[in-house]
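Structure data follow from structure-v2.cif (mmCIF, C-alpha atoms):
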```
data_upload
#
loop_
_atom_site.group_PDB
_atom_site.id
_atom_site.type_symbol
_atom_site.label_atom_id
_atom_site.label_comp_id
_atom_site.auth_asym_id
_atom_site.auth_seq_id
_atom_site.Cartn_x
_atom_site.Cartn_y
_atom_site.Cartn_z
ATOM 1 C CA MET J 1 3.198 51.844 13.588
ATOM 2 C CA SER J 2 4.375 48.387 12.631
ATOM 3 C CA LYS J 3 5.595 46.093 15.354
ATOM 4 C CA ALA J 4 9.315 45.704 15.941
ATOM 5 C CA ILE J 5 10.986 42.990 13.936
ATOM 6 C CA SER J 6 13.642 40.824 15.514
ATOM 7 C CA ILE J 7 15.941 38.492 13.628
ATOM 8 C CA ILE J 8 15.838 34.906 14.873
ATOM 9 C CA SER J 9 18.316 33.431 12.425
ATOM 10 C CA SER J 10 20.220 34.535 9.368
ATOM 11 C CA HIS J 11 22.786 33.163 6.985
ATOM 12 C CA SER J 12 24.643 34.594 4.032
ATOM 13 C CA GLY J 13 27.059 32.722 1.800
ATOM 14 C CA GLU J 14 27.800 29.130 0.945
ATOM 15 C CA LEU J 15 25.877 26.429 2.747
ATOM 16 C CA ASN J 16 26.721 22.740 2.975
ATOM 17 C CA GLN J 17 24.635 19.980 4.540
ATOM 18 C CA LYS J 18 26.440 20.169 7.873
ATOM 19 C CA GLN J 19 25.930 23.923 8.156
ATOM 20 C CA LEU J 20 22.311 23.503 7.106
ATOM 21 C CA ASN J 21 21.724 20.967 9.880
ATOM 22 C CA LYS J 22 23.316 23.325 12.390
ATOM 23 C CA ILE J 23 21.149 26.249 11.275
ATOM 24 C CA LEU J 24 17.973 24.146 11.378
ATOM 25 C CA PHE J 25 18.831 22.878 14.850
ATOM 26 C CA GLU J 26 19.334 26.463 16.043
ATOM 27 C CA ILE J 27 16.088 27.558 14.396
ATOM 28 C CA LYS J 28 14.170 24.765 16.092
ATOM 29 C CA GLU J 29 15.602 25.676 19.491
ATOM 30 C CA ALA J 30 14.938 29.390 18.989
ATOM 31 C CA LEU J 31 11.353 28.833 17.806
ATOM 32 C CA LEU J 32 10.544 26.658 20.792
ATOM 33 C CA ASN J 33 11.657 29.453 23.103
ATOM 34 C CA LEU J 34 9.369 32.026 21.506
ATOM 35 C CA GLU J 35 5.980 32.751 22.940
ATOM 36 C CA ILE J 36 4.097 32.094 19.745
ATOM 37 C CA ASP J 37 1.456 29.612 18.738
ATOM 38 C CA ARG J 38 2.731 26.040 18.482
ATOM 39 C CA ALA J 39 1.146 25.740 15.016
ATOM 40 C CA VAL J 40 3.183 28.762 13.844
ATOM 41 C CA VAL J 41 6.327 27.150 15.277
ATOM 42 C CA LYS J 42 5.691 23.952 13.285
ATOM 43 C CA LYS J 43 4.807 25.811 10.090
ATOM 44 C CA THR J 44 7.821 28.114 10.383
ATOM 45 C CA TYR J 45 10.226 25.209 10.814
ATOM 46 C CA ASN J 46 8.681 23.315 7.892
ATOM 47 C CA ILE J 47 8.829 26.324 5.586
ATOM 48 C CA ALA J 48 12.373 27.194 6.718
ATOM 49 C CA VAL J 49 13.598 23.730 5.693
ATOM 50 C CA GLU J 50 11.707 23.731 2.410
ATOM 51 C CA SER J 51 12.794 27.256 1.456
ATOM 52 C CA ILE J 52 16.483 26.634 2.128
ATOM 53 C CA GLU J 53 16.407 23.255 0.332
ATOM 54 C CA ASN J 54 14.651 24.921 -2.562
ATOM 55 C CA CYS J 55 17.393 27.560 -2.770
ATOM 56 C CA LEU J 56 20.138 24.958 -2.666
ATOM 57 C CA LYS J 57 18.424 22.873 -5.333
ATOM 58 C CA HIS J 58 17.993 25.730 -7.778
ATOM 59 C CA ALA J 59 20.799 28.156 -6.965
ATOM 60 C CA ALA J 60 23.277 28.732 -9.797
ATOM 61 C CA ASP J 61 25.985 28.792 -7.109
ATOM 62 C CA SER J 62 25.823 27.378 -3.598
ATOM 63 C CA LYS J 63 25.476 30.807 -2.010
ATOM 64 C CA ILE J 64 22.193 31.731 -0.424
ATOM 65 C CA GLU J 65 20.831 34.413 1.846
ATOM 66 C CA PHE J 66 18.348 33.375 4.489
ATOM 67 C CA THR J 67 16.634 35.348 7.221
ATOM 68 C CA LEU J 68 14.046 34.259 9.741
ATOM 69 C CA ALA J 69 12.446 37.099 11.656
ATOM 70 C CA LEU J 70 9.741 37.548 14.237
ATOM 71 C CA ALA J 71 7.233 40.394 13.907
ATOM 72 C CA GLY J 72 4.679 40.319 16.694
ATOM 73 C CA ASN J 73 3.074 36.885 16.533
ATOM 74 C CA LYS J 74 4.083 36.345 12.903
ATOM 75 C CA THR J 75 7.276 34.934 11.526
ATOM 76 C CA ILE J 76 8.818 36.019 8.240
ATOM 77 C CA ILE J 77 11.181 33.926 6.149
ATOM 78 C CA GLU J 78 13.166 35.566 3.391
ATOM 79 C CA THR J 79 15.531 33.879 0.974
ATOM 80 C CA LYS J 80 17.704 35.165 -1.832
ATOM 81 C CA ASN J 81 19.578 33.098 -4.372
ATOM 82 C CA VAL J 82 20.969 33.423 -7.871
ATOM 83 C CA ILE J 83 19.260 31.484 -10.650
ATOM 84 C CA THR J 84 19.896 31.317 -14.371
ATOM 85 C CA ASN J 85 17.814 33.654 -16.525
ATOM 86 C CA LYS J 86 16.162 30.780 -18.353
ATOM 87 C CA GLU J 87 14.535 29.606 -15.103
ATOM 88 C CA VAL J 88 12.898 32.951 -14.388
ATOM 89 C CA GLU J 89 9.844 32.727 -16.629
ATOM 90 C CA LYS J 90 8.717 29.310 -15.416
ATOM 91 C CA LEU J 91 9.269 30.180 -11.769
ATOM 92 C CA LYS J 92 7.409 33.480 -12.142
ATOM 93 C CA GLU J 93 4.492 31.701 -13.775
ATOM 94 C CA LEU J 94 4.323 29.155 -10.974
ATOM 95 C CA LEU J 95 4.476 31.816 -8.250
ATOM 96 C CA GLU J 96 1.732 33.836 -9.923
ATOM 97 C CA GLN J 97 -0.388 30.711 -10.313
ATOM 98 C CA VAL J 98 0.128 29.730 -6.672
ATOM 99 C CA ASN J 99 -0.810 33.229 -5.464
ATOM 100 C CA SER J 100 -4.018 33.154 -7.488
ATOM 101 C CA LEU J 101 -5.283 29.863 -6.015
ATOM 102 C CA ASN J 102 -7.320 29.207 -2.899
ATOM 103 C CA GLN J 103 -6.327 26.528 -0.368
ATOM 104 C CA ASP J 104 -8.382 23.740 -1.985
ATOM 105 C CA ASP J 105 -6.962 24.446 -5.440
ATOM 106 C CA LEU J 106 -3.454 24.606 -3.996
ATOM 107 C CA LEU J 107 -3.921 21.167 -2.458
ATOM 108 C CA GLU J 108 -5.103 19.887 -5.812
ATOM 109 C CA LEU J 109 -2.052 21.359 -7.533
ATOM 110 C CA TYR J 110 0.185 19.772 -4.884
ATOM 111 C CA VAL J 111 -1.368 16.348 -5.490
ATOM 112 C CA GLU J 112 -1.044 16.775 -9.245
ATOM 113 C CA LYS J 113 2.639 17.747 -8.969
ATOM 114 C CA LEU J 114 3.358 14.931 -6.538
ATOM 115 C CA ARG J 115 1.665 12.395 -8.815
ATOM 116 C CA HIS J 116 3.535 13.709 -11.821
ATOM 117 C CA SER J 117 6.879 13.597 -10.052
ATOM 118 C CA ILE J 118 6.266 9.961 -9.081
ATOM 119 C CA ILE J 119 5.444 9.010 -12.647
ATOM 120 C CA SER J 120 8.348 10.933 -14.178
ATOM 121 C CA ASN J 121 10.662 9.922 -11.301
ATOM 122 C CA LYS J 122 12.195 13.393 -11.413
ATOM 123 C CA GLY J 123 12.407 15.983 -8.691
ATOM 124 C CA GLY J 124 8.974 17.529 -8.344
ATOM 125 C CA ALA J 125 9.246 20.784 -10.265
ATOM 126 C CA GLY J 126 7.778 23.426 -8.020
ATOM 127 C CA LEU J 127 6.470 20.992 -5.414
ATOM 128 C CA GLY J 128 8.345 22.877 -2.685
ATOM 129 C CA ILE J 129 6.856 26.218 -3.751
ATOM 130 C CA VAL J 130 3.310 24.823 -3.694
ATOM 131 C CA ASP J 131 3.964 23.167 -0.340
ATOM 132 C CA MET J 132 5.154 26.449 1.174
ATOM 133 C CA ALA J 133 2.102 28.304 -0.148
ATOM 134 C CA ILE J 134 -0.216 25.691 1.387
ATOM 135 C CA LYS J 135 1.526 25.823 4.743
ATOM 136 C CA SER J 136 1.860 29.611 4.982
ATOM 137 C CA LYS J 137 -1.722 30.291 3.824
ATOM 138 C CA ASN J 138 -0.444 33.669 2.650
ATOM 139 C CA SER J 139 0.637 34.977 -0.728
ATOM 140 C CA LEU J 140 4.266 34.391 -1.554
ATOM 141 C CA ASP J 141 5.983 37.732 -1.941
ATOM 142 C CA PHE J 142 8.631 37.525 -4.645
ATOM 143 C CA HIS J 143 10.751 39.593 -6.940
ATOM 144 C CA PHE J 144 13.460 39.138 -9.504
ATOM 145 C CA GLN J 145 16.435 41.405 -9.915
ATOM 146 C CA ASP J 146 18.991 41.350 -12.725
ATOM 147 C CA SER J 147 22.370 40.070 -11.647
ATOM 148 C CA ASP J 148 24.413 39.780 -14.853
ATOM 149 C CA ASP J 149 23.777 38.768 -18.484
ATOM 150 C CA LEU J 150 23.049 35.171 -17.540
ATOM 151 C CA HIS J 151 21.767 35.361 -13.987
ATOM 152 C CA THR J 152 18.941 36.776 -11.900
ATOM 153 C CA ILE J 153 18.594 37.215 -8.148
ATOM 154 C CA PHE J 154 15.431 35.536 -6.875
ATOM 155 C CA ASN J 155 14.011 36.947 -3.684
ATOM 156 C CA LEU J 156 11.206 35.148 -1.831
ATOM 157 C CA LYS J 157 9.451 36.357 1.299
ATOM 158 C CA ILE J 158 6.936 34.243 3.198
ATOM 159 C CA THR J 159 4.864 35.365 6.157
ATOM 160 C CA ILE J 160 3.505 32.795 8.609
ATOM 161 C CA ASN J 161 0.789 33.585 11.120
ATOM 162 C CA MET S 1 14.861 -12.218 5.959
ATOM 163 C CA ASN S 2 16.205 -9.644 8.384
ATOM 164 C CA ILE S 3 14.651 -7.235 10.831
ATOM 165 C CA ILE S 4 15.742 -3.715 10.006
ATOM 166 C CA SER S 5 16.324 -1.186 12.719
ATOM 167 C CA ILE S 6 17.767 2.191 11.790
ATOM 168 C CA SER S 7 18.365 4.919 14.349
ATOM 169 C CA SER S 8 17.255 8.451 13.579
ATOM 170 C CA THR S 9 19.692 11.175 12.549
ATOM 171 C CA GLU S 10 19.228 14.926 12.077
ATOM 172 C CA THR S 11 18.021 14.287 8.548
ATOM 173 C CA THR S 12 16.564 10.778 8.574
ATOM 174 C CA PRO S 13 13.817 9.100 10.603
ATOM 175 C CA SER S 14 14.224 6.044 12.781
ATOM 176 C CA VAL S 15 12.972 3.030 10.884
ATOM 177 C CA SER S 16 11.920 -0.316 12.246
ATOM 178 C CA LEU S 17 10.819 -3.094 9.891
ATOM 179 C CA ASN S 18 9.869 -6.361 11.496
ATOM 180 C CA HIS S 19 8.449 -9.297 9.535
ATOM 181 C CA ASN S 20 7.790 -11.329 12.703
ATOM 182 C CA THR S 21 5.477 -8.748 14.261
ATOM 183 C CA HIS S 22 4.393 -7.393 10.849
ATOM 184 C CA THR S 23 5.145 -3.838 11.883
ATOM 185 C CA LEU S 24 6.779 -1.003 10.000
ATOM 186 C CA THR S 25 7.449 2.246 11.870
ATOM 187 C CA PHE S 26 8.908 5.547 10.749
ATOM 188 C CA GLU S 27 9.575 8.237 13.307
ATOM 189 C CA GLY S 28 11.246 11.657 13.246
ATOM 190 C CA GLU S 29 12.381 13.955 10.447
ATOM 191 C CA SER S 30 12.846 12.972 6.840
ATOM 192 C CA ARG S 31 14.970 15.246 4.706
ATOM 193 C CA PRO S 32 17.854 12.978 3.639
ATOM 194 C CA GLU S 33 20.661 14.504 1.608
ATOM 195 C CA ASN S 34 20.261 11.598 -0.804
ATOM 196 C CA VAL S 35 16.661 10.499 -0.573
ATOM 197 C CA ASN S 36 17.047 7.542 -2.974
ATOM 198 C CA ALA S 37 20.045 6.115 -1.130
ATOM 199 C CA PHE S 38 18.199 6.211 2.186
ATOM 200 C CA TYR S 39 14.913 4.728 1.017
ATOM 201 C CA THR S 40 16.328 2.005 -1.270
ATOM 202 C CA GLN S 41 17.020 -0.307 1.703
ATOM 203 C CA ILE S 42 13.397 0.105 2.787
ATOM 204 C CA PHE S 43 11.995 -0.793 -0.631
ATOM 205 C CA GLU S 44 14.320 -3.804 -0.803
ATOM 206 C CA TRP S 45 13.014 -4.987 2.554
ATOM 207 C CA ILE S 46 9.380 -4.548 1.453
ATOM 208 C CA GLU S 47 10.110 -6.593 -1.674
ATOM 209 C CA ALA S 48 11.543 -9.413 0.437
ATOM 210 C CA TYR S 49 8.628 -9.067 2.883
ATOM 211 C CA ASP S 50 6.166 -9.483 0.022
ATOM 212 C CA LYS S 51 7.773 -12.818 -0.869
ATOM 213 C CA TYR S 52 7.906 -13.861 2.776
ATOM 214 C CA LEU S 53 4.196 -13.094 3.205
ATOM 215 C CA TYR S 54 3.340 -15.126 0.141
ATOM 216 C CA PHE S 55 5.306 -18.026 1.570
ATOM 217 C CA ILE S 56 3.679 -17.980 5.023
ATOM 218 C CA THR S 57 0.108 -17.285 3.887
ATOM 219 C CA GLU S 58 0.326 -20.223 1.465
ATOM 220 C CA ARG S 59 0.924 -22.508 4.433
ATOM 221 C CA SER S 60 -1.612 -21.167 6.880
ATOM 222 C CA ALA S 61 -5.257 -20.150 6.907
ATOM 223 C CA ASN S 62 -4.592 -17.396 9.445
ATOM 224 C CA LYS S 63 -4.966 -13.779 8.507
ATOM 225 C CA ILE S 64 -2.039 -11.449 8.894
ATOM 226 C CA LYS S 65 -2.382 -7.854 9.991
ATOM 227 C CA ILE S 66 0.322 -5.426 8.878
ATOM 228 C CA ASN S 67 0.693 -2.289 10.961
ATOM 229 C CA CYS S 68 2.491 0.553 9.245
ATOM 230 C CA GLU S 69 2.950 3.499 11.553
ATOM 231 C CA PHE S 70 4.169 7.005 10.764
ATOM 232 C CA LYS S 71 5.139 9.364 13.547
ATOM 233 C CA LEU S 72 6.816 12.081 11.550
ATOM 234 C CA GLU S 73 7.778 15.526 12.734
ATOM 235 C CA TYR S 74 8.713 16.817 9.330
ATOM 236 C CA PHE S 75 9.270 15.478 5.839
ATOM 237 C CA ASN S 76 10.435 17.381 2.772
ATOM 238 C CA SER S 77 8.794 17.130 -0.621
ATOM 239 C CA SER S 78 11.192 14.498 -1.973
ATOM 240 C CA SER S 79 10.452 12.316 1.062
ATOM 241 C CA ALA S 80 6.712 12.759 0.410
ATOM 242 C CA LYS S 81 7.129 10.726 -2.785
ATOM 243 C CA LYS S 82 8.939 7.953 -0.931
ATOM 244 C CA ILE S 83 6.286 7.781 1.781
ATOM 245 C CA LEU S 84 3.621 7.441 -0.902
ATOM 246 C CA ASP S 85 5.675 4.720 -2.606
ATOM 247 C CA ILE S 86 5.990 2.768 0.661
ATOM 248 C CA ILE S 87 2.261 2.866 1.329
ATOM 249 C CA THR S 88 1.496 2.052 -2.323
ATOM 250 C CA ALA S 89 3.755 -1.018 -2.129
ATOM 251 C CA LEU S 90 1.920 -2.220 0.993
ATOM 252 C CA ILE S 91 -1.501 -1.617 -0.545
ATOM 253 C CA ASN S 92 -0.416 -3.690 -3.550
ATOM 254 C CA ILE S 93 0.657 -6.528 -1.264
ATOM 255 C CA LYS S 94 -2.754 -6.452 0.397
ATOM 256 C CA LYS S 95 -4.562 -6.287 -2.959
ATOM 257 C CA HIS S 96 -2.911 -9.478 -4.165
ATOM 258 C CA ASN S 97 -3.360 -11.466 -0.998
ATOM 259 C CA GLU S 98 -6.759 -11.815 0.662
ATOM 260 C CA LYS S 99 -5.242 -13.066 3.915
ATOM 261 C CA ILE S 100 -3.562 -9.725 4.497
ATOM 262 C CA GLU S 101 -5.021 -6.845 6.476
ATOM 263 C CA LEU S 102 -3.285 -3.496 6.394
ATOM 264 C CA VAL S 103 -3.501 -0.630 8.880
ATOM 265 C CA ILE S 104 -1.846 2.694 8.084
ATOM 266 C CA LEU S 105 -1.509 4.651 11.294
ATOM 267 C CA TRP S 106 -0.769 8.349 10.820
ATOM 268 C CA ASN S 107 0.300 10.100 14.020
ATOM 269 C CA TYR S 108 0.547 13.874 14.216
ATOM 270 C CA GLU S 109 1.219 16.401 16.890
ATOM 271 C CA GLU S 110 -2.055 18.042 17.829
ATOM 272 C CA ALA S 111 -0.866 21.556 16.872
ATOM 273 C CA ASP S 112 0.546 20.320 13.578
ATOM 274 C CA GLU S 113 -2.411 20.740 11.244
ATOM 275 C CA ASP S 114 -0.115 20.432 8.203
ATOM 276 C CA MET S 115 0.916 16.913 9.224
ATOM 277 C CA LEU S 116 -2.733 15.929 9.573
ATOM 278 C CA ASP S 117 -3.523 17.536 6.193
ATOM 279 C CA SER S 118 -0.644 15.644 4.549
ATOM 280 C CA GLY S 119 -2.070 12.389 5.835
ATOM 281 C CA LYS S 120 -5.498 13.301 4.482
ATOM 282 C CA GLU S 121 -4.032 14.182 1.089
ATOM 283 C CA PHE S 122 -2.111 10.910 0.898
ATOM 284 C CA GLU S 123 -5.232 9.017 1.922
ATOM 285 C CA LYS S 124 -7.166 10.699 -0.879
ATOM 286 C CA MET S 125 -4.434 10.049 -3.447
ATOM 287 C CA LEU S 126 -4.103 6.396 -2.509
ATOM 288 C CA GLN S 127 -7.820 5.834 -1.914
ATOM 289 C CA TYR S 128 -7.025 3.783 1.133
ATOM 290 C CA PRO S 129 -8.279 4.708 4.634
ATOM 291 C CA PHE S 130 -5.739 5.823 7.242
ATOM 292 C CA VAL S 131 -6.162 5.702 10.999
ATOM 293 C CA TYR S 132 -5.274 9.028 12.644
ATOM 294 C CA SER S 133 -3.941 9.656 16.079
ATOM 295 C CA ALA S 134 -3.206 13.063 17.652
ATOM 296 C CA LEU S 135 -0.200 13.002 19.974
#
```
What is this structure when it is put down as structure tokens?
Amino acid sequence: MSKAISIISSHSGELNQKQLNKILFEIKEALLNLEIDRAVVKKTYNIAVESIENCLKHAADSKIEFTLALAGNKTIIETKNVITNKEVEKLKELLEQVNSLNQDDLLELYVEKLRHSIISNKGGAGLGIVDMAIKSKNSLDFHFQDSDDLHTIFNLKITIN
Amino acid sequence: MNIISISSTETTPSVSLNHNTHTLTFEGESRPENVNAFYTQIFEWIEAYDKYLYFITERSANKIKINCEFKLEYFNSSSAKKILDIITALINIKKHNEKIELVILWNYEEADEDMLDSGKEFEKMLQYPFVYSAL
């Protein structure tokens, strides 16, 4: 039988910077009170910030769904946001690429993306995704679901142990 | 030029830039809502510092040691670019002035292997040795 899952933090709906800060503060406090490895605490916080920021950056509206759960000594972060259909292919490609790489290759991809984003002076396309894959050391579990003619719901689940 | 001292907030690190002691320190979390707005003041200071260093090293034979210290708990990916830019700017100052020594001190919490790895990646990208310290 799988271990019981308890929700540490969740949010559904619009999210502004002030609310984000409040959620992250609560997450930090809650994580520090859990009896889990300090490295998992750090990783979970880092990935929580990156995943929510990623949603806000790419969401077609400012609504996001976020859940942080504890399952035994693992934490699970799940996000859901609406993106435009034209973003799906590129994102899917990146996620598949990231899941196919080992840690060394992921680090190389991170460096390449970081370098490129410095040169182009644009937001690093996919840098956050690569960063989360490096930190979680697990495959990123994702799926896309049709929303309407123009939009798709992007669901991302990351396990940290 | 001025000494800059910025207190930390929930989203920005504390920053201390001092041309008299030749120290730059960054401590806390970096995930500013507007990353360019926050870091512009730092790049402006480094530009002025570069000129100041040129001025004082022209007039003295003494070497100057710059200590740039990072004690970060978390930084997001857009801050990663700014951190690299800061260190790159300092390396360039050192490259063009043989009287300058530069120490990049990268502190990390012992359990935070990702923070140590980030430092190692930056070091590799910049091809400049960092000094590491576990807290």
Just say which residues the PyMOL selection byres ((chain S) within 9 of (chain J)) picks in this file, as number ranges by chain.
S: 10-11, 31, 33, 73-78, 80-82, 84-85, 110-114, 121-122, 125
Selection near Ile46 of chain S, 12 Å with all atoms listed in the file, sequence-local residues under 4 positions removed, as a count of residues only
30
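From atom CA of Asp104 of chain J back to atom CA of Glu69 of chain S, the distance works out to 26.9 Å.
When all atoms listed in the file are used to compute distances to Leu116 of chain S, the closest of the residues S:Phe70, S:Leu102, S:Thr25, S:Asn97 turns out to be S:Phe70.
What the PyMOL selection byres ((chain J and resi 141) around 8) grabs from this file is Ser139, Leu140, Phe142, His143, Leu156, Lys157 and Ile158 of chain J.
Every residue within 12 Å of the file position (16.5, 37.0, -20.4), judged by only C-alpha atoms, is given as Ile83, Thr84, Asn85, Lys86, Glu87, Val88, Glu89, Phe144, Gln145, Asp146, Ser147, Asp148, Asp149, Leu150, His151 and Thr152 of chain J.
Residues selected in this file by the PyMOL selection byres ((chain J and resi 27) around 9) comprise Ile8, Ser9, Lys22, Ile23, Leu24, Phe25, Glu26, Lys28, Glu29, Ala30, Leu31, Leu32, Tyr45, Ala48 and Leu68 of chain J.
Across the structure, atom CA of Leu72 of chain S and atom CA of Glu27 of chain S are spaced 5.0 Å apart.
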To box segment 105-116 of chain S, take all atoms listed in the file, fit an axis-aligned box, add 8 Å on each side, and give centre and edge lengths in Å to one decimal, as AutoDock Vina command-line options.
```
--center_x -0.8 --center_y 13.1 --center_z 13.0 --size_x 20.0 --size_y 32.9 --size_z 25.6
```
One decimal, in Å: what's the spacing between atom CA of Trp106 of chain S and atom CA of Ser79 of chain S?
15.4 Å
